[in-house]
file start-v4.pdb (PDB, C-alpha atoms)
ATOM      1  CA  MET Z1386     -74.876 -28.540  19.665
ATOM      2  CA  GLU Z1387     -73.311 -31.710  18.642
ATOM      3  CA  GLY Z1388     -69.864 -31.512  17.117
ATOM      4  CA  ARG Z1389     -69.160 -28.195  18.641
ATOM      5  CA  GLY Z1390     -66.463 -28.146  21.213
ATOM      6  CA  PRO Z1391     -65.240 -25.325  23.317
ATOM      7  CA  TYR Z1392     -62.312 -24.744  20.914
ATOM      8  CA  ARG Z1393     -62.609 -23.671  17.342
ATOM      9  CA  ILE Z1394     -59.692 -23.678  14.897
ATOM     10  CA  TYR Z1395     -59.793 -20.615  12.740
ATOM     11  CA  ASP Z1396     -58.214 -20.984   9.296
ATOM     12  CA  PRO Z1397     -58.305 -17.801   7.257
ATOM     13  CA  GLY Z1398     -57.492 -19.771   4.133
ATOM     14  CA  GLY Z1399     -53.895 -18.576   3.729
ATOM     15  CA  SER Z1400     -52.115 -21.743   4.789
ATOM     16  CA  VAL Z1401     -49.064 -22.854   2.808
ATOM     17  CA  PRO Z1402     -48.925 -26.370   1.434
ATOM     18  CA  SER Z1403     -46.345 -28.556   3.200
ATOM     19  CA  GLY Z1404     -44.145 -28.912   0.067
ATOM     20  CA  GLU Z1405     -43.630 -25.176  -0.240
ATOM     21  CA  ALA Z1406     -43.021 -24.823   3.498
ATOM     22  CA  SER Z1407     -40.277 -27.445   3.450
ATOM     23  CA  ALA Z1408     -38.618 -25.753   0.443
ATOM     24  CA  ALA Z1409     -38.698 -22.398   2.242
ATOM     25  CA  PHE Z1410     -37.270 -24.071   5.338
ATOM     26  CA  GLU Z1411     -34.416 -25.567   3.267
ATOM     27  CA  ARG Z1412     -33.638 -22.142   1.789
ATOM     28  CA  LEU Z1413     -33.531 -20.636   5.274
ATOM     29  CA  VAL Z1414     -31.199 -23.396   6.504
ATOM     30  CA  LYS Z1415     -28.842 -22.816   3.541
ATOM     31  CA  GLU Z1416     -28.891 -19.051   4.042
ATOM     32  CA  ASN Z1417     -28.287 -19.528   7.765
ATOM     33  CA  SER Z1418     -25.183 -21.673   7.134
ATOM     34  CA  ARG Z1419     -23.918 -19.171   4.548
ATOM     35  CA  LEU Z1420     -24.372 -16.311   7.012
ATOM     36  CA  LYS Z1421     -22.571 -18.279   9.736
ATOM     37  CA  GLU Z1422     -19.589 -18.726   7.386
ATOM     38  CA  LYS Z1423     -19.589 -14.996   6.650
ATOM     39  CA  MET Z1424     -19.698 -14.195  10.357
ATOM     40  CA  GLN Z1425     -16.718 -16.479  10.983
ATOM     41  CA  GLY Z1426     -14.816 -14.717   8.184
ATOM     42  CA  ILE Z1427     -15.659 -11.312   9.633
ATOM     43  CA  LYS Z1428     -14.577 -12.483  13.078
ATOM     44  CA  MET Z1429     -11.239 -13.687  11.649
ATOM     45  CA  LEU Z1430     -10.751 -10.360   9.856
ATOM     46  CA  GLY Z1431     -11.423  -8.519  13.107
ATOM     47  CA  GLU Z1432      -8.822 -10.632  14.896
ATOM     48  CA  LEU Z1433      -6.302 -10.016  12.117
ATOM     49  CA  LEU Z1434      -6.997  -6.276  12.246
ATOM     50  CA  GLU Z1435      -6.495  -6.226  15.997
ATOM     51  CA  GLU Z1436      -3.252  -8.191  15.673
ATOM     52  CA  SER Z1437      -1.921  -5.899  12.932
ATOM     53  CA  GLN Z1438      -2.772  -2.802  14.979
ATOM     54  CA  MET Z1439      -0.872  -4.232  17.939
ATOM     55  CA  GLU Z1440       2.100  -4.998  15.670
ATOM     56  CA  ALA Z1441       1.968  -1.482  14.194
ATOM     57  CA  THR Z1442       1.963   0.010  17.685
ATOM     58  CA  ARG Z1443       4.915  -2.153  18.684
ATOM     59  CA  LEU Z1444       6.860  -1.161  15.557
ATOM     60  CA  ARG Z1445       6.027   2.516  16.070
ATOM     61  CA  GLN Z1446       7.373   2.354  19.626
ATOM     62  CA  LYS Z1447      10.508   0.606  18.401
ATOM     63  CA  ALA Z1448      11.022   3.280  15.738
ATOM     64  CA  GLU Z1449      10.600   6.029  18.329
ATOM     65  CA  GLU Z1450      13.178   4.321  20.552
ATOM     66  CA  LEU Z1451      15.603   4.095  17.633
ATOM     67  CA  VAL Z1452      15.135   7.775  16.852
ATOM     68  CA  LYS Z1453      15.823   8.655  20.484
ATOM     69  CA  ASP Z1454      18.923   6.432  20.490
ATOM     70  CA  ASN Z1455      20.097   8.031  17.246
ATOM     71  CA  GLU Z1456      19.682  11.517  18.716
ATOM     72  CA  LEU Z1457      21.802  10.541  21.707
ATOM     73  CA  LEU Z1458      24.686   9.272  19.531
ATOM     74  CA  PRO Z1459      27.498  11.725  18.765
ATOM     75  CA  PRO Z1460      27.844  12.796  15.118
ATOM     76  CA  PRO Z1461      30.128  10.570  13.017
ATOM     77  CA  SER Z1462      33.763  11.574  12.866
ATOM     78  CA  PRO Z1463      34.847  13.169   9.579
ATOM     79  CA  SER Z1464      37.529  10.555   8.956
ATOM     80  CA  LEU Z1465      34.987   7.723   9.011
ATOM     81  CA  GLY Z1466      32.257   9.688   7.277
ATOM     82  CA  SER Z1467      34.424  10.350   4.232
ATOM     83  CA  PHE Z1468      35.786   6.810   3.948
ATOM     84  CA  ASP Z1469      35.627   5.676   0.327
ATOM     85  CA  PRO Z1470      36.691   2.051  -0.268
ATOM     86  CA  LEU Z1471      36.854   2.591  -4.041
ATOM     87  CA  ALA Z1472      39.327   5.443  -3.635
ATOM     88  CA  GLU Z1473      41.420   3.290  -1.318
ATOM     89  CA  LEU Z1474      41.527   0.454  -3.853
ATOM     90  CA  THR Z1475      42.259   2.562  -6.932
ATOM     91  CA  GLY Z1476      44.303   5.245  -5.274
ATOM     92  CA  LYS Z1477      42.078   7.907  -6.851
ATOM     93  CA  ASP Z1478      39.296  10.050  -5.490
ATOM     94  CA  SER Z1479      36.000   8.678  -6.828
ATOM     95  CA  ASN Z1480      34.183  11.981  -6.172
ATOM     96  CA  VAL Z1481      36.215  13.758  -8.860
ATOM     97  CA  THR Z1482      34.464  13.817 -12.227
ATOM     98  CA  ALA Z1483      36.176  13.785 -15.594
ATOM     99  CA  SER Z1484      37.157  17.228 -16.794
ATOM    100  CA  PRO Z1485      34.806  18.677 -19.397
ATOM    101  CA  THR Z1486      37.718  19.603 -21.664
ATOM    102  CA  ALA Z1487      38.651  15.964 -22.203
ATOM    103  CA  PRO Z1488      35.949  14.489 -24.466
ATOM    104  CA  ALA Z1489      35.030  10.877 -23.942
ATOM    105  CA  CYS Z1490      35.340  10.095 -27.642
ATOM    106  CA  PRO Z1491      37.633  12.404 -29.581
ATOM    107  CA  SER Z1492      36.377  13.600 -32.970
ATOM    108  CA  ASP Z1493      37.194  16.393 -35.424
ATOM    109  CA  LYS Z1494      33.947  18.316 -34.998
ATOM    110  CA  PRO Z1495      31.449  18.462 -32.164
ATOM    111  CA  ALA Z1496      28.202  16.592 -32.473
ATOM    112  CA  PRO Z1497      25.272  18.739 -33.616
ATOM    113  CA  VAL Z1498      23.132  19.941 -30.760
ATOM    114  CA  GLN Z1499      19.387  19.420 -31.059
ATOM    115  CA  LYS Z1500      17.572  22.670 -30.396
ATOM    116  CA  PRO Z1501      14.113  22.486 -28.880
ATOM    117  CA  PRO Z1502      11.359  24.088 -30.943
ATOM    118  CA  SER Z1503      10.690  27.661 -29.942
ATOM    119  CA  SER Z1504       7.247  28.667 -28.784
ATOM    120  CA  GLY Z1505       7.903  32.276 -29.673
ATOM    121  CA  THR Z1506       7.802  33.730 -26.189
ATOM    122  CA  SER Z1507      10.260  36.419 -25.184
ATOM    123  CA  SER Z1508      11.315  34.611 -22.008
ATOM    124  CA  GLU Z1509      13.118  31.842 -23.912
ATOM    125  CA  PHE Z1510      16.882  31.954 -24.346
ATOM    126  CA  GLU Z1511      19.000  30.188 -26.885
ATOM    127  CA  VAL Z1512      22.136  28.467 -25.641
ATOM    128  CA  VAL Z1513      25.095  29.212 -27.901
ATOM    129  CA  THR Z1514      28.369  27.352 -27.594
ATOM    130  CA  PRO Z1515      31.649  29.277 -27.925
ATOM    131  CA  GLU Z1516      32.386  27.616 -31.299
ATOM    132  CA  GLU Z1517      29.133  28.889 -32.818
ATOM    133  CA  GLN Z1518      29.932  32.502 -31.822
TER     134      GLN Z1518
END
call {"tool": "encode", "arguments": {"input": "start-v4.pdb", "output": "structure tokens"}}
result
Amino acid sequence: MEGRGPYRIYDPGGSVPSGEASAAFERLVKENSRLKEKMQGIKMLGELLEESQMEATRLRQKAEELVKDNELLPPPSPSLGSFDPLAELTGKDSNVTASPTAPACPSDKPAPVQKPPSSGTSSEFEVVTPEEQ
């Protein structure tokens, strides 16, 4: 019974050489550092999301307060609501459009009107000017 101690080391034969083990360890260390960086990025995104939600809530409350304040205000007086600085400067009412009888560029005959192509349906109408009648 020489050489036999109370402890036996069992090696099933599947041990990895030390060179391969150190390469696998290096890969795990690199992946671990990469994952830590990703986790920090995710944590920062979570903080930014929380901050933006708080800001959105604050702005929503402010908007609601402004709406309430606006509802409490009396309607604007008609004299201030119809104030037109252009009319005051020119002495004319800027809301009045040019009359359709006064052409912008006078000419002897009216410009030809382009007619859209007809699809042949009975629901289409042709616009005829008084001169063409």
call {"tool": "atom_distance", "arguments": {"input": "start-v4.pdb", "atom1": "atom CA of Z:Lys1415", "atom2": "atom CA of Z:Ser1403"}}
result
18.4 Å
call {"tool": "atom_distance", "arguments": {"input": "start-v4.pdb", "atom1": "atom CA of Z:Asp1454", "atom2": "atom CA of Z:Ala1441"}}
result
19.7 Å
call {"tool": "atom_distance", "arguments": {"input": "start-v4.pdb", "atom1": "atom CA of Z:Gly1404", "atom2": "atom CA of Z:Arg1419"}}
result
22.9 Å
